[in-house]
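What follows is a set of notes on a single structure, which appears directly below.
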Amino acid sequence: MSTYSSNKPQNQNTTAIIVTVGILLLAAIGYLAYNSITKARALEQTVSELEESEKLREELEMQYNAALADLEAQKTSNEELNALIDQQKAELEQQKRRISQLIGSKDKLEKARVELNNLKAQVSQYLAQIEKLKEENEMLATENEQLVEERTKLSTDLQAKAAENQDLQKVKAQLASEKEELASKVSIASVVKMREVKAVGQKVRNSGKVKDEDKAKRVDQIKVCFTALDNKVVKPGTETFIVRIINPLGETLAVEDMGSGFFKDLDKNDEIRFTMMSQIDYANEEVQECLVWAPVNASFIAGEYTVEVYNKGHLAGKGKFKLK
């Protein structure tokens with residue numbers, strides 16, 4: 001009885017120890033199992049994130065390279081368009097760098113994917129912008145072609161007009177020449193011609209009596225007479241006759257205070273000096289006119305003198321006389 005009683009407490013202690021150890025073992029096993037599962041899940045998460053990052057990097061490279069190829073394919077000989085494409089490529093490169101930085105941070109992968117999707121939209125926007133610019137350039141090119149055609153047509157029309165004007169100017173010049181020639185013919189035809197032109201030197205005596213004189217030192221004046229012929233072309237009215245007295249030295253006798261001056265010789269197309277003029281009432285009949293050239297303190301030289309009578313700028317008659 002005593003032996004049994006003494007072993008019973010000892011068995012109970014052993015059982016308690018075993019139970020306690022078992023509980024501790026179970027707890028340790030549970031903790032190890034939980035820790036293992038947590039690490040396994042963390043590892044899985046890390047592997048998943050790495051796979052996601054790699055996938056995003058591949059997708060980024062693929063999209064970026066495709067975008068560069070698409071943009072490069074849009075280039076033409078248009079410098080403005082090519083400059084825009086180069087600018088877009090530079091902007092894409094900056095966007096790629098930002099996305100690469102986001103992919104390198106595991107807590108920003110979601111944001112990296114959003115930016116990657118934005119990259120697609122950005123490329124589409126770039127291509128649309130390029131297409132719009134191309135359309136505008138095509139429209140401008142068409143307008144330029146139209147302007148060139150219009151300018152060419154205008155230039156052709158102007159050249160034609162210039163040619164017409166040149167022809168017209170030639171016709172006008174020809175008509176003017178013909179008109180001038182006709183006017184000249186009419187003018188010549190309307191000249192009242194002289195039948196004869198006579199001139200003599202004269203001496204004026206103290207008594208006032210005048211007599212012809214051929215000695216130069218004694219001559220006080222020169223008398224010129226001419227007979228104007230009838231001309232049916234001329235309308236009746238006042239006719240002006242211009243007289244030139246040319247001395248042996250070839251000088252025209254002239255004194256402005258006595259009415260001398262200059263007129264245009266249409267035969268020679270030159271301004272020449274004249275001695276005196278006379279206006280007579282002409283009625284398409286022969287008419288005789290006499291003029292006297294009597295300068296104060298006259299001094300004449302010996303030799304042959306020439307007398308010319310002009311009407312309407314043309315030589316109408318001519319005569320000569322001599323003084324000794």
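Identifiers in this document derive from the order of the structure tokens: chains are assigned A, B, ..., residues are numbered from 1 separately in each chain, and ligands are numbered from 1 in order of occurrence.
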
Note to self: When you look at Tyr64 (chain A) with a cut-off of 8 Å (counting only C-alpha atoms), what residues show up, excluding the ones that are within fewer than 3 positions of it in the same chain? I need them as a PyMOL selection string.
What the structure shows: chain A and resi 60-61+67-68+92+96

Can you write just those residues out, C-alpha atoms, as a compact mmCIF listing (two decimals), in the first residue's frame?
```txt
# COMPACT_ATOMS: atom_id res chain seq x y z
CA LEU A 60 8.12 49.63 -72.04
CA GLU A 61 11.01 48.83 -74.35
CA ALA A 67 6.80 54.49 -81.07
CA LEU A 68 10.23 55.64 -82.28
CA LEU A 92 9.07 60.18 -75.29
CA LYS A 96 10.53 56.45 -70.72
```

Next item on the list: Any chance you could list, as a ChimeraX atom specification, the residues in region 142-265 of chain A that come up helix (DSSP H, G or I) when DSSP is run on the backbone?
Entry: /A:142-189,216-218,256-258

So that I have them on file, write out the residues from the current selection with C-alpha atoms, as a PDB file, in the first residue's frame.
```pdb
ATOM      1  CA  THR A 142      -2.447  72.732-102.976  1.00  0.00           C
ATOM      2  CA  GLU A 143      -3.074  76.408-102.281  1.00  0.00           C
ATOM      3  CA  ASN A 144       0.499  77.208-103.305  1.00  0.00           C
ATOM      4  CA  GLU A 145       0.034  75.290-106.542  1.00  0.00           C
ATOM      5  CA  GLN A 146      -3.137  77.251-107.190  1.00  0.00           C
ATOM      6  CA  LEU A 147      -1.329  80.489-106.402  1.00  0.00           C
ATOM      7  CA  VAL A 148       1.520  79.516-108.717  1.00  0.00           C
ATOM      8  CA  GLU A 149      -0.981  78.689-111.458  1.00  0.00           C
ATOM      9  CA  GLU A 150      -2.798  81.967-110.876  1.00  0.00           C
ATOM     10  CA  ARG A 151       0.488  83.875-110.797  1.00  0.00           C
ATOM     11  CA  THR A 152       1.635  82.127-113.978  1.00  0.00           C
ATOM     12  CA  LYS A 153      -1.679  82.933-115.640  1.00  0.00           C
ATOM     13  CA  LEU A 154      -1.465  86.513-114.402  1.00  0.00           C
ATOM     14  CA  SER A 155       2.108  86.783-115.653  1.00  0.00           C
ATOM     15  CA  THR A 156       1.030  85.367-119.016  1.00  0.00           C
ATOM     16  CA  ASP A 157      -1.881  87.799-119.148  1.00  0.00           C
ATOM     17  CA  LEU A 158       0.418  90.675-118.211  1.00  0.00           C
ATOM     18  CA  GLN A 159       2.886  89.646-120.888  1.00  0.00           C
ATOM     19  CA  ALA A 160       0.054  89.458-123.381  1.00  0.00           C
ATOM     20  CA  LYS A 161      -1.199  92.865-122.247  1.00  0.00           C
ATOM     21  CA  ALA A 162       2.346  94.217-122.415  1.00  0.00           C
ATOM     22  CA  ALA A 163       2.673  92.844-125.945  1.00  0.00           C
ATOM     23  CA  GLU A 164      -0.695  94.382-126.835  1.00  0.00           C
ATOM     24  CA  ASN A 165       0.354  97.670-125.270  1.00  0.00           C
ATOM     25  CA  GLN A 166       3.647  97.516-127.128  1.00  0.00           C
ATOM     26  CA  ASP A 167       1.805  96.889-130.378  1.00  0.00           C
ATOM     27  CA  LEU A 168      -0.608  99.665-129.466  1.00  0.00           C
ATOM     28  CA  GLN A 169       2.294 102.010-128.718  1.00  0.00           C
ATOM     29  CA  LYS A 170       3.811 101.100-132.067  1.00  0.00           C
ATOM     30  CA  VAL A 171       0.497 101.819-133.766  1.00  0.00           C
ATOM     31  CA  LYS A 172       0.166 105.069-131.820  1.00  0.00           C
ATOM     32  CA  ALA A 173       3.723 106.023-132.701  1.00  0.00           C
ATOM     33  CA  GLN A 174       3.074 105.177-136.334  1.00  0.00           C
ATOM     34  CA  LEU A 175      -0.174 107.145-136.290  1.00  0.00           C
ATOM     35  CA  ALA A 176       1.576 110.036-134.551  1.00  0.00           C
ATOM     36  CA  SER A 177       4.336 109.893-137.145  1.00  0.00           C
ATOM     37  CA  GLU A 178       1.795 109.748-139.944  1.00  0.00           C
ATOM     38  CA  LYS A 179      -0.162 112.546-138.285  1.00  0.00           C
ATOM     39  CA  GLU A 180       2.978 114.618-137.901  1.00  0.00           C
ATOM     40  CA  GLU A 181       3.961 113.862-141.469  1.00  0.00           C
ATOM     41  CA  LEU A 182       0.481 114.745-142.649  1.00  0.00           C
ATOM     42  CA  ALA A 183       0.505 117.896-140.535  1.00  0.00           C
ATOM     43  CA  SER A 184       3.870 118.748-142.006  1.00  0.00           C
ATOM     44  CA  LYS A 185       2.528 118.182-145.503  1.00  0.00           C
ATOM     45  CA  VAL A 186      -0.535 120.248-144.709  1.00  0.00           C
ATOM     46  CA  SER A 187       1.683 122.902-143.174  1.00  0.00           C
ATOM     47  CA  ILE A 188       3.934 122.901-146.228  1.00  0.00           C
ATOM     48  CA  ALA A 189       0.926 122.896-148.518  1.00  0.00           C
ATOM     49  CA  ALA A 216      27.307 150.535-148.255  1.00  0.00           C
ATOM     50  CA  LYS A 217      28.656 153.660-146.520  1.00  0.00           C
ATOM     51  CA  ARG A 218      25.756 155.758-147.766  1.00  0.00           C
ATOM     52  CA  GLU A 256      15.264 143.409-130.402  1.00  0.00           C
ATOM     53  CA  ASP A 257      13.830 146.892-129.763  1.00  0.00           C
ATOM     54  CA  MET A 258      12.782 146.996-133.404  1.00  0.00           C
TER      55      MET A 258
END
```

List the neighbours of Glu286 (chain A) out to 8 Å using only C-alpha atoms; skip same-chain residues closer than 2 positions along the sequence, and give me the result as a compact mmCIF listing (two decimals) with N, CA and C atoms, in the first residue's frame.
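File produced: around-v8.txt:
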```
# COMPACT_ATOMS: atom_id res chain seq x y z
N THR A 227 6.14 139.48 -153.30
CA THR A 227 4.78 139.26 -153.80
C THR A 227 4.34 137.87 -153.37
N ALA A 228 3.33 137.83 -152.54
CA ALA A 228 2.79 136.55 -152.06
C ALA A 228 1.79 136.01 -153.07
N LEU A 229 1.96 134.74 -153.44
CA LEU A 229 1.07 134.12 -154.42
C LEU A 229 -0.22 133.64 -153.77
N ASP A 230 -1.18 133.38 -154.62
CA ASP A 230 -2.45 132.86 -154.09
C ASP A 230 -2.29 131.38 -153.74
N ASN A 284 -6.40 134.84 -150.33
CA ASN A 284 -6.15 133.86 -151.39
C ASN A 284 -5.90 134.53 -152.74
N GLN A 288 1.20 142.23 -152.64
CA GLN A 288 2.57 142.70 -152.51
C GLN A 288 2.74 143.41 -151.17
```

Considering only C-alpha atoms, tabulate each residue of region 121-211 of chain A that lies at most 6 Å from region 312-318 of chain A along with its nearest interatomic pair and the corresponding distance in Å to one decimal; arrange the rows by chain and ascending residue number and present them as a Markdown table.
```
| residue | atom | partner | partner_atom | distance |
| --- | --- | --- | --- | --- |
| A:Lys193 | CA | A:Ala316 | CA | 4.6 |
| A:Met194 | CA | A:Gly317 | CA | 4.9 |
| A:Val197 | CA | A:Lys318 | CA | 5.7 |
```

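Proximity to Arg195 (chain A) was assessed for A:Met277, A:Ala73, A:Val224, A:Val287 counting only C-alpha atoms; the smallest distance is recorded for A:Val287.
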
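Compared by their closest atoms to Lys203 (chain A), and using only C-alpha atoms, the residues A:Ile280, A:Met62, A:Ala298, A:Val255 rank with A:Ala298 nearest.
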
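For the residues A:Glu213, A:Glu59, A:Glu54, A:Glu308, ranking by smallest atom-to-atom distance to Asn117 (chain A) using only C-alpha atoms places A:Glu59 first.
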
Notebook entry, point to check: Which one is closest to Val234 (chain A): A:Leu323, A:Leu266, A:Val192, A:Ile103? Count only C-alpha atoms.
Noted result: A:Val192

Next item on the list: Go through region 165-231 of chain A and collect every residue that DSSP, computed from the backbone, puts in strand (DSSP E or B); the answer should be as a list in words.
Entry: Met194, Arg195, Glu196, Val197, Lys198, Ala199, Val200, Gly201, Gln202, Lys203, Val204, Val210, Lys211, Asp212, Gln221, Ile222, Lys223, Val224, Cys225, Phe226, Thr227 and Ala228 of chain A

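The protein and nucleic acid residues lying at most 10 Å from Lys235 (chain A) are Ser190, Asn231, Lys232, Thr238, Glu239, Tyr282, Ala283 and Asn284 of chain A, with only C-alpha atoms considered and sequence neighbours fewer than 3 positions away removed.
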
Prev. selection, C-alpha atoms, output as a CSV table (one decimal), in the first residue's frame:
```csv
chain,number,residue,atom,x,y,z
A,190,SER,CA,-0.5,125.9,-146.7
A,231,ASN,CA,-3.0,129.5,-152.2
A,232,LYS,CA,-6.4,128.0,-152.2
A,238,THR,CA,-4.2,137.3,-141.3
A,239,GLU,CA,-0.9,135.8,-142.5
A,282,TYR,CA,-4.6,137.6,-147.0
A,283,ALA,CA,-7.6,136.7,-149.2
A,284,ASN,CA,-6.1,133.9,-151.4
```

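Taking CA of Lys198 (chain A) as the reference point, CA of Trp293 (chain A) is found at 13.3 Å.
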
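Minimum atom-to-atom distance to Val210 (chain A), evaluated using only C-alpha atoms, belongs to A:Val292 out of A:Val292, A:Thr76, A:Glu110, A:Gly250.
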
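If you look at CA of Ile222 (chain A) and CA of Phe321 (chain A), they are 10.1 Å away from each other.
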
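Here CA of Gln129 (chain A) is placed at a distance of 29.8 Å from CA of Lys55 (chain A).
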